[in-house]
Amino acid sequence: MKPIVILALALFSVQSISARELDLFHVETAYQAANILQPWRKYNKNQPVLGVPFAGRYVITILPYGDGRSALVKPVGGTRRDVASLIKLDSELRLAILRVGDIKESNDPANPLIPQRFFGNDLPPLFLDLKALPLKSALRTNGPGQIGHTVFYEGTGASLSPAGNTEIPVIRFSGFQKNISPGHVLTHDGALVGLIASFDVATGIGTAIPAALIEQFLAASGFDKNNVLRIEQPAAEPDIFGPDKEGTIVRTAGFRGRAQSEPSFLRYQGLISERPVIAVVQTVFVRTQERTLLQNDLILDVPGNDITARGSVNDEYYGDLPLSLAMVLKNGRFTTDSTVTISVLRDREKRDIRQPVLAASESMNVVPERFRTPSYLITGGLVLLELSAEALPKMGTPPARLAFIRDRYLQSDNLSGERVVFVNEVLPLDQNAGYANGRRILTAVNGIGIRNLNHAHSLVKDARRRGSDVVFTFEGNEIMVFSAERLAQADEMLRKKYSIPFLSGAPPE
Amino acid sequence: MKSFVSISLLVSISSLFAQETRPLALPDFLRNQRPITEIAQETKTDSKTETKIDKPKTKVEPTVVPQAVCLQVTRRIPSSAQPHASPRVVTDWSVGLKLGARIVTDVDNVRGAVSISYRSPDARTLSPGKLPIYGWDTGLALIQTDEVTTEPVLETEGAELDSEITVAGCGPTSVELTRLRVDAVYRGKLENNDTAEFQLLRPSSPRSPSALRSGSPVFIGKKFAGLYHAGKSNYVLHAYYVMRFLEDAKDGKYSGMPRRSFDYQSLQHPDLRKFLNLPDTLHGVRITRTFGESLLLPGDFLKSLDGSPISDEGLIKVKGSIVTLDDFFGLRQAGPITAIVDRGGKDISLALSIGSPEDHLRARSTGDRRVFFYGAGLIFQELDYEIIHDHRSGADSQLRYRYEARFEDRLNRETDLDVVLTNVFPDAVNAGADGFTSSPLESVNGQAIRNLRDLRNVWATSENQYFVMKFRNRPGLLVIPRESLKVAEKRIREKYNLSESSLAEGTP
């Protein structure tokens, strides 16, 4: 065993020496984090990540949180910090491009900008041929000091995107190392294999966004293959990206499936062949007319994707992937096609359908994994929130009803734009004395069934503008009534007693 | 949803009491020093009629320390994780409170009992006791002996914060007394029981905790204060509940503690009153929903119960004390009760039949075996306390919801008892079943499954080519071919070393 270890160490040393050193930047962004159950309580947090400079004045990184404004960058090994402005942010991958300083405006010799030498190297070559990378290959997680850590390539797979709304292909690696965080760069022989999105210190398992997606993001952001920005003026940047109007390259076919290969099940469905099928477990659609796949449909075939015995698909680029993900990928990148043809069995009848391919977004899920900016409405002391999977564990022992609702929507047809609105607490005020505290689900405002918090908010505003009562109806037939006058008094008291600056915030887009 | 309601009720009730000068810890009658039998008899009389107290004809001096008895119980403890496996058999010593020919003890001491014997602490010989009456919702059990003696009248005393209490345990040759202090008086659930919350006392930690056994009587001076429970948490169940249980079980069967069978909201808020167009003279609570069979309807205004008016906050006066509606029901024996309800502006009188909801499944079973159904390498069990607390299926959010909100959300109308796929012995015949573990079964071959018997009947009588199982709120179907079932079951038994008799034992 010992000689093998020595040989391995020797190989790593050779590899480290031969590896091209990367220019890296510390990137620090400030963002406002919010308490999920009390979203008006915001606090400032700093988010230190690493970034890779390229194209003379740009840095590419991953920003798990925040909008990337007020960013500071500092070369690893340098002393000078400079401001950088976000020009691109992928809402799902959380890949971000920052532009550093403005060289033209810098004429203060006592306070020079980051020396150009730190931008001397361009983005390292992208490692795009993953099939040529054997499992357990040594990779480097480049970090401060340029030394980095050695980890091991564990192949590819599917994982939730950093934003948490859909699945993306990822590179998996293993190795018990500390100090690995989002934005660290994963390289092999100096080529960029991926940007690290997550790492679990306890298990030593991490995921990285593959180079192919980084390349696609750069291209969608206006950089050509030589990393030269084609579009110089921010105003002319593509509409779908940017801090004010985010977008993503991530596409989804809008369903989750489960393999069914049991012979008795297939025979019962009238299928003679024993080829596995994919049973549709959950569907996501944005508009009713896009509702093509239905729950319990059996997907028999998707052109170009052979369903394996395990019910997955052998993607030509990433290997084994779930069908729902593989069918929106082409050569390692997300497709730009707007539909995909699927052959399904519905009610024992075979039919071909054209399933829309959509940009992934938070608005697709009734109960999203997490809200980037949780919205809230406080009226009459009632704290109204929308349910997310992230909120449940914060409730301690969450009400069984809420936990069940979350799981039910995860496994059923998912109505876009619909949300579960609940009262998280009733802040005690004279104006709501007599109404009991406790978590309960809001079903209607003034008799109108609500679709989401924005909808509830508009109904409350409308009633108050007209000076009429506001009647909240909850699951279980409980009602709470407030006159417009009392709501106004309650608003004033809330600001005074609880120092809540805004009684509603971050309504969903 | 139940937790929503209970949280909200607790908070509102706490805040209401906070405004009162009366302490929240214990209602007055729980601190009453009169013989508890008087109070129990009072609660059975109509408050409109004059209270009659039948005092015992011959006054028996309260006996105290000698009432603790040692119990030797052999129990069979089945496992919900492996219901087909033979139950574990254990024999334990524990303690009970002997009252004439009856012994009351903690239900945990006799759960799954197959034989019971007892002796006085200073005696050497054991006498047989009869298998108990289980007070499944109160955490108590009653053992009948063959003795013919008069039941003594116990004087009770409600312990309060800092009260000195004495726990009477069972030593090798005599009663062992342990002096403790009451560290807290609180409202909480009993161990192994999710049915209701009780007034409990938290005693200080004993020097040797292992010496104190569940079922040991607790005294303040010479007055009975409750029964000690030793377990994951140590507490004393207030004497009132013990005496109420004894009264209930006097006829040889236990009816259970009545519980509120409706949800309500207070009528305090002026805007709510205005919206509902309520006159100033109407006081009470608004019924928001009912569970089980109730004459009340959502939208009714409940004004009084048994002649005692209900306040807008949902409080009611009982024997000079103001209590919540939950306590009002919990302190009564089952039976009819008169409710005055405002329905559509008119007062109507309803004779409500109050009883204990059929939620035995929310307390740990007292049986000595698990009921289950086995077929095609699949084991189905009924959703109960053990599945939620002891089985990995308890982590499933749907099962937890159906367990917790069964009555409140009227899920009991869908099934008598939810049937859950809990164990799979993987085999070609049940391929794909793993994806449905911890799911409640909805139908087999299109027939609704309301209990394990339904499943057994469909299994035994269906002549279809397949058993097609649909699970509640789970996409997909589980399809089992019937033709090869016998061969497959033999194969599974051999593969997993299962005996045919053990699999048949749990048949409902």
# chains A, B, ... in the order shown; residues from 1 in each chain; ligands from 1
call {"tool": "interface_residues", "arguments": {"of": "chain A", "to": "chain B", "cutoff": "9 Å", "atoms": "only C-alpha atoms", "output": "short mmCIF file (atom, residue, chain, number, x, y, z; two decimals) with all heavy atoms, in the first residue's frame"}}
result
data_model
loop_
_atom_site.label_atom_id
_atom_site.label_comp_id
_atom_site.auth_asym_id
_atom_site.auth_seq_id
_atom_site.Cartn_x
_atom_site.Cartn_y
_atom_site.Cartn_z
N GLN A 260 -40.20 3.37 -14.54
CA GLN A 260 -41.05 2.21 -14.25
C GLN A 260 -40.60 1.10 -15.18
O GLN A 260 -40.74 1.22 -16.41
CB GLN A 260 -42.52 2.55 -14.50
CG GLN A 260 -43.03 3.60 -13.53
CD GLN A 260 -44.02 3.08 -12.53
OE1 GLN A 260 -45.15 3.49 -12.57
NE2 GLN A 260 -43.62 2.20 -11.64
N SER A 261 -40.04 0.05 -14.61
CA SER A 261 -39.53 -1.02 -15.45
C SER A 261 -40.10 -2.38 -15.02
O SER A 261 -39.68 -3.40 -15.54
CB SER A 261 -38.01 -1.04 -15.38
OG SER A 261 -37.61 -1.20 -14.03
N GLU A 262 -41.04 -2.37 -14.07
CA GLU A 262 -41.56 -3.64 -13.58
C GLU A 262 -42.38 -4.31 -14.69
O GLU A 262 -43.32 -3.71 -15.21
CB GLU A 262 -42.45 -3.42 -12.36
CG GLU A 262 -41.81 -2.64 -11.24
CD GLU A 262 -41.82 -1.14 -11.47
OE1 GLU A 262 -42.86 -0.62 -11.89
OE2 GLU A 262 -40.77 -0.51 -11.27
N PRO A 263 -42.05 -5.54 -15.04
CA PRO A 263 -42.75 -6.21 -16.15
C PRO A 263 -44.26 -6.23 -15.95
O PRO A 263 -45.01 -6.02 -16.89
CB PRO A 263 -42.16 -7.62 -16.12
CG PRO A 263 -40.84 -7.47 -15.46
CD PRO A 263 -40.98 -6.37 -14.48
N SER A 264 -44.72 -6.50 -14.71
CA SER A 264 -46.17 -6.61 -14.51
C SER A 264 -46.84 -5.26 -14.76
O SER A 264 -47.93 -5.19 -15.33
CB SER A 264 -46.47 -7.10 -13.09
OG SER A 264 -45.78 -6.33 -12.15
N PHE A 265 -46.18 -4.19 -14.34
CA PHE A 265 -46.73 -2.85 -14.58
C PHE A 265 -46.81 -2.57 -16.08
O PHE A 265 -47.83 -2.10 -16.59
CB PHE A 265 -45.87 -1.79 -13.88
CG PHE A 265 -46.29 -0.39 -14.17
CD1 PHE A 265 -47.32 0.20 -13.45
CD2 PHE A 265 -45.68 0.35 -15.17
CE1 PHE A 265 -47.72 1.50 -13.72
CE2 PHE A 265 -46.09 1.65 -15.46
CZ PHE A 265 -47.11 2.22 -14.72
N LEU A 266 -45.74 -2.89 -16.80
CA LEU A 266 -45.70 -2.61 -18.24
C LEU A 266 -46.76 -3.44 -18.96
O LEU A 266 -47.47 -2.94 -19.85
CB LEU A 266 -44.31 -2.90 -18.79
CG LEU A 266 -43.18 -2.03 -18.20
CD1 LEU A 266 -41.82 -2.51 -18.69
CD2 LEU A 266 -43.37 -0.56 -18.58
N TYR A 268 -49.52 -4.63 -17.64
CA TYR A 268 -50.84 -4.11 -17.25
C TYR A 268 -51.19 -2.88 -18.10
O TYR A 268 -52.35 -2.66 -18.44
CB TYR A 268 -50.81 -3.74 -15.76
CG TYR A 268 -52.04 -3.00 -15.31
CD1 TYR A 268 -53.26 -3.67 -15.16
CD2 TYR A 268 -52.00 -1.64 -15.03
CE1 TYR A 268 -54.40 -3.00 -14.76
CE2 TYR A 268 -53.13 -0.96 -14.64
CZ TYR A 268 -54.32 -1.64 -14.49
OH TYR A 268 -55.45 -0.96 -14.10
N ALA A 279 -42.55 7.40 -15.82
CA ALA A 279 -43.87 7.87 -15.39
C ALA A 279 -43.73 9.32 -14.94
O ALA A 279 -42.82 9.64 -14.16
CB ALA A 279 -44.38 7.01 -14.25
N VAL A 280 -44.60 10.17 -15.43
CA VAL A 280 -44.53 11.59 -15.06
C VAL A 280 -45.07 11.74 -13.64
O VAL A 280 -46.21 11.38 -13.36
CB VAL A 280 -45.33 12.45 -16.06
CG1 VAL A 280 -45.34 13.91 -15.61
CG2 VAL A 280 -44.72 12.34 -17.44
N VAL A 281 -44.23 12.25 -12.78
CA VAL A 281 -44.59 12.40 -11.36
C VAL A 281 -45.14 13.81 -11.10
O VAL A 281 -46.12 14.00 -10.42
CB VAL A 281 -43.35 12.14 -10.48
CG1 VAL A 281 -43.64 12.49 -9.04
CG2 VAL A 281 -42.92 10.70 -10.60
N GLN A 282 -44.47 14.78 -11.66
CA GLN A 282 -44.87 16.17 -11.40
C GLN A 282 -44.74 16.96 -12.69
O GLN A 282 -43.81 16.74 -13.46
CB GLN A 282 -43.95 16.79 -10.34
CG GLN A 282 -44.32 18.23 -9.99
CD GLN A 282 -43.13 19.01 -9.44
OE1 GLN A 282 -41.99 18.73 -9.79
NE2 GLN A 282 -43.40 19.96 -8.61
N GLN A 295 -49.67 14.39 -15.24
CA GLN A 295 -49.21 13.45 -14.23
C GLN A 295 -49.71 12.05 -14.61
O GLN A 295 -50.85 11.91 -15.07
CB GLN A 295 -49.77 13.85 -12.87
CG GLN A 295 -49.08 13.16 -11.73
CD GLN A 295 -49.67 13.53 -10.40
OE1 GLN A 295 -50.86 13.83 -10.31
NE2 GLN A 295 -48.88 13.54 -9.37
N ASN A 296 -48.87 11.06 -14.42
CA ASN A 296 -49.15 9.65 -14.72
C ASN A 296 -49.03 9.30 -16.21
O ASN A 296 -49.26 8.15 -16.57
CB ASN A 296 -50.51 9.19 -14.18
CG ASN A 296 -50.49 9.07 -12.67
OD1 ASN A 296 -49.45 8.77 -12.08
ND2 ASN A 296 -51.60 9.35 -12.04
N PRO A 399 -46.06 22.69 11.28
CA PRO A 399 -47.39 22.06 11.27
C PRO A 399 -47.44 20.98 10.20
O PRO A 399 -46.96 21.18 9.08
CB PRO A 399 -48.32 23.22 10.93
CG PRO A 399 -47.58 24.45 11.29
CD PRO A 399 -46.13 24.13 11.08
N ALA A 400 -48.00 19.83 10.56
CA ALA A 400 -48.02 18.69 9.64
C ALA A 400 -48.72 19.06 8.34
O ALA A 400 -48.35 18.59 7.27
CB ALA A 400 -48.74 17.51 10.29
N ARG A 401 -49.70 19.92 8.43
CA ARG A 401 -50.45 20.31 7.23
C ARG A 401 -49.53 21.02 6.23
O ARG A 401 -49.58 20.76 5.04
CB ARG A 401 -51.60 21.22 7.66
CG ARG A 401 -52.37 21.83 6.52
CD ARG A 401 -53.49 20.96 6.03
NE ARG A 401 -54.23 21.59 4.97
CZ ARG A 401 -54.57 20.99 3.85
NH1 ARG A 401 -54.28 19.73 3.66
NH2 ARG A 401 -55.25 21.62 2.93
N LEU A 402 -48.70 21.94 6.72
CA LEU A 402 -47.82 22.69 5.83
C LEU A 402 -46.77 21.77 5.20
O LEU A 402 -46.48 21.87 4.01
CB LEU A 402 -47.13 23.83 6.58
CG LEU A 402 -48.00 25.04 6.92
CD1 LEU A 402 -47.18 26.11 7.63
CD2 LEU A 402 -48.64 25.64 5.67
N ALA A 403 -46.20 20.89 6.01
CA ALA A 403 -45.19 19.97 5.48
C ALA A 403 -45.81 19.06 4.42
O ALA A 403 -45.20 18.76 3.40
CB ALA A 403 -44.59 19.14 6.61
N PHE A 404 -47.03 18.62 4.68
CA PHE A 404 -47.70 17.74 3.73
C PHE A 404 -48.00 18.49 2.43
O PHE A 404 -47.80 17.96 1.33
CB PHE A 404 -49.00 17.22 4.35
CG PHE A 404 -49.94 16.59 3.36
CD1 PHE A 404 -49.53 15.49 2.61
CD2 PHE A 404 -51.21 17.08 3.16
CE1 PHE A 404 -50.39 14.92 1.68
CE2 PHE A 404 -52.07 16.52 2.24
CZ PHE A 404 -51.65 15.42 1.49
N ILE A 405 -48.46 19.72 2.55
CA ILE A 405 -48.77 20.51 1.36
C ILE A 405 -47.52 20.66 0.50
O ILE A 405 -47.57 20.51 -0.72
CB ILE A 405 -49.31 21.90 1.76
CG1 ILE A 405 -50.77 21.77 2.14
CG2 ILE A 405 -49.15 22.92 0.65
CD1 ILE A 405 -51.39 23.04 2.62
N ARG A 406 -46.42 20.91 1.14
CA ARG A 406 -45.17 21.07 0.39
C ARG A 406 -44.85 19.79 -0.40
O ARG A 406 -44.57 19.83 -1.59
CB ARG A 406 -44.04 21.41 1.36
CG ARG A 406 -42.74 21.72 0.67
CD ARG A 406 -41.75 20.62 0.87
NE ARG A 406 -40.65 20.77 -0.07
CZ ARG A 406 -39.57 20.06 -0.05
NH1 ARG A 406 -39.42 19.13 0.86
NH2 ARG A 406 -38.64 20.22 -0.93
N ASP A 407 -44.95 18.65 0.26
CA ASP A 407 -44.62 17.40 -0.42
C ASP A 407 -45.66 17.05 -1.48
O ASP A 407 -45.33 16.48 -2.51
CB ASP A 407 -44.53 16.26 0.61
CG ASP A 407 -43.28 16.37 1.43
OD1 ASP A 407 -42.46 17.25 1.13
OD2 ASP A 407 -43.11 15.59 2.38
N ARG A 408 -46.91 17.38 -1.22
CA ARG A 408 -47.95 17.04 -2.18
C ARG A 408 -47.72 17.80 -3.49
O ARG A 408 -47.83 17.25 -4.57
CB ARG A 408 -49.33 17.38 -1.62
CG ARG A 408 -50.45 16.79 -2.45
CD ARG A 408 -51.79 17.17 -1.90
NE ARG A 408 -52.04 18.58 -2.11
CZ ARG A 408 -53.09 19.24 -1.63
NH1 ARG A 408 -53.96 18.62 -0.87
NH2 ARG A 408 -53.26 20.51 -1.89
N GLN A 411 -45.14 16.50 -5.74
CA GLN A 411 -45.44 15.26 -6.46
C GLN A 411 -46.74 15.38 -7.23
O GLN A 411 -47.46 14.40 -7.39
CB GLN A 411 -45.56 14.12 -5.46
CG GLN A 411 -44.27 13.86 -4.75
CD GLN A 411 -44.41 12.76 -3.75
OE1 GLN A 411 -45.49 12.29 -3.48
NE2 GLN A 411 -43.30 12.35 -3.18
N SER A 412 -47.07 16.57 -7.67
CA SER A 412 -48.33 16.68 -8.38
C SER A 412 -48.23 17.77 -9.43
O SER A 412 -47.19 18.36 -9.63
CB SER A 412 -49.46 17.00 -7.40
OG SER A 412 -49.25 18.26 -6.85
N GLN A 431 -55.48 46.51 18.16
CA GLN A 431 -56.40 46.40 17.02
C GLN A 431 -56.73 44.96 16.64
O GLN A 431 -57.66 44.74 15.88
CB GLN A 431 -55.80 47.11 15.79
CG GLN A 431 -55.81 48.63 15.87
CD GLN A 431 -54.71 49.16 16.78
OE1 GLN A 431 -53.79 48.45 17.17
NE2 GLN A 431 -54.83 50.44 17.15
N ASN A 432 -55.94 43.99 17.11
CA ASN A 432 -56.29 42.61 16.77
C ASN A 432 -56.57 41.77 18.02
O ASN A 432 -56.58 40.53 17.95
CB ASN A 432 -55.21 41.95 15.88
CG ASN A 432 -53.84 41.91 16.56
OD1 ASN A 432 -53.74 41.81 17.78
ND2 ASN A 432 -52.77 42.00 15.77
N ALA A 433 -56.80 42.44 19.14
CA ALA A 433 -57.09 41.71 20.39
C ALA A 433 -58.32 40.84 20.18
O ALA A 433 -59.33 41.30 19.67
CB ALA A 433 -57.31 42.70 21.52
N GLY A 434 -58.21 39.59 20.53
CA GLY A 434 -59.32 38.66 20.35
C GLY A 434 -59.09 37.70 19.21
O GLY A 434 -59.77 36.68 19.11
N TYR A 435 -58.14 38.01 18.34
CA TYR A 435 -57.81 37.07 17.27
C TYR A 435 -56.61 36.25 17.73
O TYR A 435 -55.59 36.80 18.15
CB TYR A 435 -57.47 37.81 15.97
CG TYR A 435 -58.66 38.47 15.31
CD1 TYR A 435 -58.56 39.71 14.69
CD2 TYR A 435 -59.91 37.85 15.34
CE1 TYR A 435 -59.66 40.31 14.10
CE2 TYR A 435 -61.02 38.44 14.75
CZ TYR A 435 -60.88 39.67 14.14
OH TYR A 435 -61.98 40.26 13.56
N ALA A 436 -56.77 34.95 17.64
CA ALA A 436 -55.76 34.06 18.21
C ALA A 436 -54.50 34.03 17.35
O ALA A 436 -54.57 34.19 16.13
CB ALA A 436 -56.33 32.65 18.32
N ASN A 437 -53.37 33.85 18.02
CA ASN A 437 -52.11 33.69 17.31
C ASN A 437 -52.02 32.27 16.76
O ASN A 437 -52.84 31.42 17.11
CB ASN A 437 -50.95 33.96 18.28
CG ASN A 437 -49.65 34.22 17.54
OD1 ASN A 437 -49.59 34.17 16.31
ND2 ASN A 437 -48.60 34.49 18.28
N GLY A 438 -51.07 32.01 15.94
CA GLY A 438 -50.87 30.65 15.42
C GLY A 438 -50.79 30.63 13.92
O GLY A 438 -51.27 31.54 13.25
N ARG A 439 -50.18 29.56 13.41
CA ARG A 439 -50.00 29.44 11.96
C ARG A 439 -51.28 28.89 11.34
O ARG A 439 -51.83 27.90 11.81
CB ARG A 439 -48.83 28.52 11.64
CG ARG A 439 -47.52 29.10 12.09
CD ARG A 439 -46.33 28.39 11.48
NE ARG A 439 -45.14 29.15 11.76
CZ ARG A 439 -44.23 28.82 12.69
NH1 ARG A 439 -44.38 27.75 13.40
NH2 ARG A 439 -43.19 29.59 12.90
N ARG A 440 -51.72 29.51 10.27
CA ARG A 440 -52.91 29.04 9.57
C ARG A 440 -52.82 29.48 8.12
O ARG A 440 -52.17 30.47 7.80
CB ARG A 440 -54.16 29.58 10.25
CG ARG A 440 -54.08 31.06 10.57
CD ARG A 440 -55.39 31.60 11.06
NE ARG A 440 -55.66 31.43 12.47
CZ ARG A 440 -55.15 32.15 13.45
NH1 ARG A 440 -54.25 33.08 13.20
NH2 ARG A 440 -55.51 31.97 14.70
N ILE A 441 -53.50 28.75 7.27
CA ILE A 441 -53.41 29.02 5.82
C ILE A 441 -54.54 29.94 5.41
O ILE A 441 -55.72 29.70 5.71
CB ILE A 441 -53.48 27.69 5.04
CG1 ILE A 441 -52.23 26.86 5.35
CG2 ILE A 441 -53.59 27.95 3.54
CD1 ILE A 441 -52.24 25.47 4.79
N ASP A 469 -64.54 46.95 4.88
CA ASP A 469 -63.92 45.96 5.77
C ASP A 469 -63.05 45.00 4.96
O ASP A 469 -63.31 44.75 3.78
CB ASP A 469 -65.00 45.13 6.48
CG ASP A 469 -65.71 45.93 7.55
OD1 ASP A 469 -65.30 47.08 7.80
OD2 ASP A 469 -66.67 45.41 8.13
N VAL A 471 -61.99 41.08 5.11
CA VAL A 471 -62.33 39.81 5.77
C VAL A 471 -61.34 38.75 5.29
O VAL A 471 -61.26 38.45 4.10
CB VAL A 471 -63.77 39.36 5.42
CG1 VAL A 471 -64.12 38.08 6.17
CG2 VAL A 471 -64.76 40.46 5.73
N GLU A 475 -58.18 28.38 6.34
CA GLU A 475 -58.57 26.96 6.34
C GLU A 475 -59.19 26.65 7.69
O GLU A 475 -58.69 27.07 8.73
CB GLU A 475 -57.33 26.08 6.14
CG GLU A 475 -57.07 25.73 4.72
CD GLU A 475 -56.09 24.57 4.57
OE1 GLU A 475 -55.57 24.06 5.58
OE2 GLU A 475 -55.83 24.22 3.43
N GLY A 476 -60.27 25.90 7.66
CA GLY A 476 -60.95 25.59 8.92
C GLY A 476 -62.07 26.57 9.20
O GLY A 476 -62.64 26.55 10.29
N ASN A 477 -62.36 27.47 8.24
CA ASN A 477 -63.53 28.35 8.32
C ASN A 477 -63.39 29.45 9.37
O ASN A 477 -64.38 30.08 9.75
CB ASN A 477 -64.78 27.50 8.61
CG ASN A 477 -66.06 28.21 8.28
OD1 ASN A 477 -66.07 29.06 7.39
ND2 ASN A 477 -67.11 27.91 9.00
N GLU A 478 -62.20 29.68 9.86
CA GLU A 478 -62.02 30.80 10.79
C GLU A 478 -61.93 32.09 9.99
O GLU A 478 -61.38 32.10 8.88
CB GLU A 478 -60.71 30.60 11.57
CG GLU A 478 -60.52 31.63 12.66
CD GLU A 478 -59.16 31.47 13.36
OE1 GLU A 478 -58.41 30.56 12.98
OE2 GLU A 478 -58.88 32.27 14.25
N ILE A 479 -62.52 33.16 10.52
CA ILE A 479 -62.42 34.44 9.81
C ILE A 479 -61.87 35.52 10.74
O ILE A 479 -62.03 35.44 11.96
CB ILE A 479 -63.78 34.90 9.23
CG1 ILE A 479 -64.86 34.98 10.32
CG2 ILE A 479 -64.23 34.01 8.09
CD1 ILE A 479 -66.17 35.57 9.82
N MET A 480 -61.23 36.49 10.16
CA MET A 480 -60.80 37.68 10.89
C MET A 480 -61.25 38.88 10.08
O MET A 480 -61.06 38.91 8.86
CB MET A 480 -59.28 37.71 11.04
CG MET A 480 -58.73 36.64 11.95
SD MET A 480 -56.97 36.90 12.23
CE MET A 480 -56.54 35.40 13.08
N VAL A 481 -61.84 39.84 10.77
CA VAL A 481 -62.39 41.01 10.09
C VAL A 481 -61.73 42.27 10.66
O VAL A 481 -61.56 42.39 11.88
CB VAL A 481 -63.92 41.09 10.29
CG1 VAL A 481 -64.51 42.24 9.49
CG2 VAL A 481 -64.58 39.78 9.90
N PHE A 482 -61.37 43.18 9.79
CA PHE A 482 -60.81 44.47 10.21
C PHE A 482 -61.49 45.56 9.39
O PHE A 482 -61.63 45.43 8.17
CB PHE A 482 -59.31 44.55 9.93
CG PHE A 482 -58.47 43.61 10.76
CD1 PHE A 482 -58.14 42.35 10.28
CD2 PHE A 482 -58.01 43.99 12.02
CE1 PHE A 482 -57.35 41.49 11.02
CE2 PHE A 482 -57.22 43.13 12.76
CZ PHE A 482 -56.90 41.88 12.27
N SER A 483 -61.86 46.63 10.06
CA SER A 483 -62.32 47.79 9.30
C SER A 483 -61.10 48.48 8.71
O SER A 483 -59.97 48.33 9.22
CB SER A 483 -63.07 48.75 10.23
OG SER A 483 -62.18 49.26 11.19
N ARG A 486 -59.40 50.55 11.27
CA ARG A 486 -58.61 49.83 12.26
C ARG A 486 -57.29 49.32 11.65
O ARG A 486 -56.27 49.26 12.32
CB ARG A 486 -59.41 48.66 12.85
CG ARG A 486 -59.03 48.37 14.30
CD ARG A 486 -59.89 47.30 14.90
NE ARG A 486 -61.28 47.65 15.00
CZ ARG A 486 -61.84 48.27 16.04
NH1 ARG A 486 -61.09 48.62 17.06
NH2 ARG A 486 -63.12 48.54 16.06
#
call {"tool": "residues_around", "arguments": {"residues": "Thr125 (chain B)", "least_positions_apart": "3", "cutoff": "12 Å", "atoms": "only C-alpha atoms", "output": "ChimeraX atom specification"}}
result
/B:70-72,117-122,128,172-173
call {"tool": "closest_residue", "arguments": {"among": "B:Val95, B:Leu142, B:Ala184, B:Val318", "to": "Ala211 (chain B)", "atoms": "only C-alpha atoms"}}
result
B:Val95
call {"tool": "atom_distance", "arguments": {"atom1": "CA of Asn165 (chain A)", "atom2": "CA of Glu362 (chain A)"}}
result
5.8 Å
call {"tool": "residues_around", "arguments": {"residues": "region 212-220 of chain A", "least_positions_apart": "4", "cutoff": "7 Å", "atoms": "only C-alpha atoms", "output": "NGL selection string"}}
result
:A and (128 or 224 or 249 or 332-333)
call {"tool": "select_by_dssp", "arguments": {"residues": "region 273-416 of chain A", "states": "strand (DSSP E or B)", "output": "VMD selection string"}}
result
chain A and resid 277 to 285 298 to 302 305 307 313 to 315 319 to 321 329 to 330 333 to 334 339 to 346 349 to 356 358 to 359 376 to 379 382 to 386 413 to 415
call {"tool": "closest_residue", "arguments": {"among": "B:Ser94, B:Thr195, B:Ser321, B:Gln82", "to": "Arg364 (chain B)", "atoms": "only C-alpha atoms"}}
result
B:Thr195
call {"tool": "residues_around", "arguments": {"residues": "Phe329 (chain B)", "least_positions_apart": "5", "cutoff": "7 Å", "atoms": "only C-alpha atoms", "output": "short mmCIF file (atom, residue, chain, number, x, y, z; two decimals) with all heavy atoms, in the first residue's frame"}}
result
data_model
loop_
_atom_site.label_atom_id
_atom_site.label_comp_id
_atom_site.auth_asym_id
_atom_site.auth_seq_id
_atom_site.Cartn_x
_atom_site.Cartn_y
_atom_site.Cartn_z
N PRO B 258 -63.96 12.67 27.65
CA PRO B 258 -64.61 13.42 26.58
C PRO B 258 -63.72 14.55 26.09
O PRO B 258 -62.93 15.09 26.86
CB PRO B 258 -65.86 13.98 27.24
CG PRO B 258 -66.05 13.20 28.47
CD PRO B 258 -64.69 12.77 28.91
N ARG B 259 -63.85 14.83 24.84
CA ARG B 259 -63.07 15.94 24.31
C ARG B 259 -63.91 16.83 23.44
O ARG B 259 -64.92 16.40 22.88
CB ARG B 259 -61.86 15.43 23.55
CG ARG B 259 -60.61 15.95 24.24
CD ARG B 259 -59.37 15.22 23.88
NE ARG B 259 -59.47 13.80 24.13
CZ ARG B 259 -59.01 12.91 23.28
NH1 ARG B 259 -58.48 13.30 22.14
NH2 ARG B 259 -59.06 11.64 23.56
N ARG B 260 -63.48 18.05 23.34
CA ARG B 260 -64.16 19.02 22.49
C ARG B 260 -64.20 18.47 21.07
O ARG B 260 -63.17 18.04 20.55
CB ARG B 260 -63.35 20.32 22.56
CG ARG B 260 -63.81 21.43 21.72
CD ARG B 260 -63.08 22.71 22.10
NE ARG B 260 -61.63 22.62 22.01
CZ ARG B 260 -60.93 22.74 20.89
NH1 ARG B 260 -61.54 22.95 19.75
NH2 ARG B 260 -59.62 22.65 20.90
#
call {"tool": "atom_distance", "arguments": {"atom1": "CA of Leu427 (chain A)", "atom2": "CA of Ser504 (chain A)"}}
result
14.5 Å
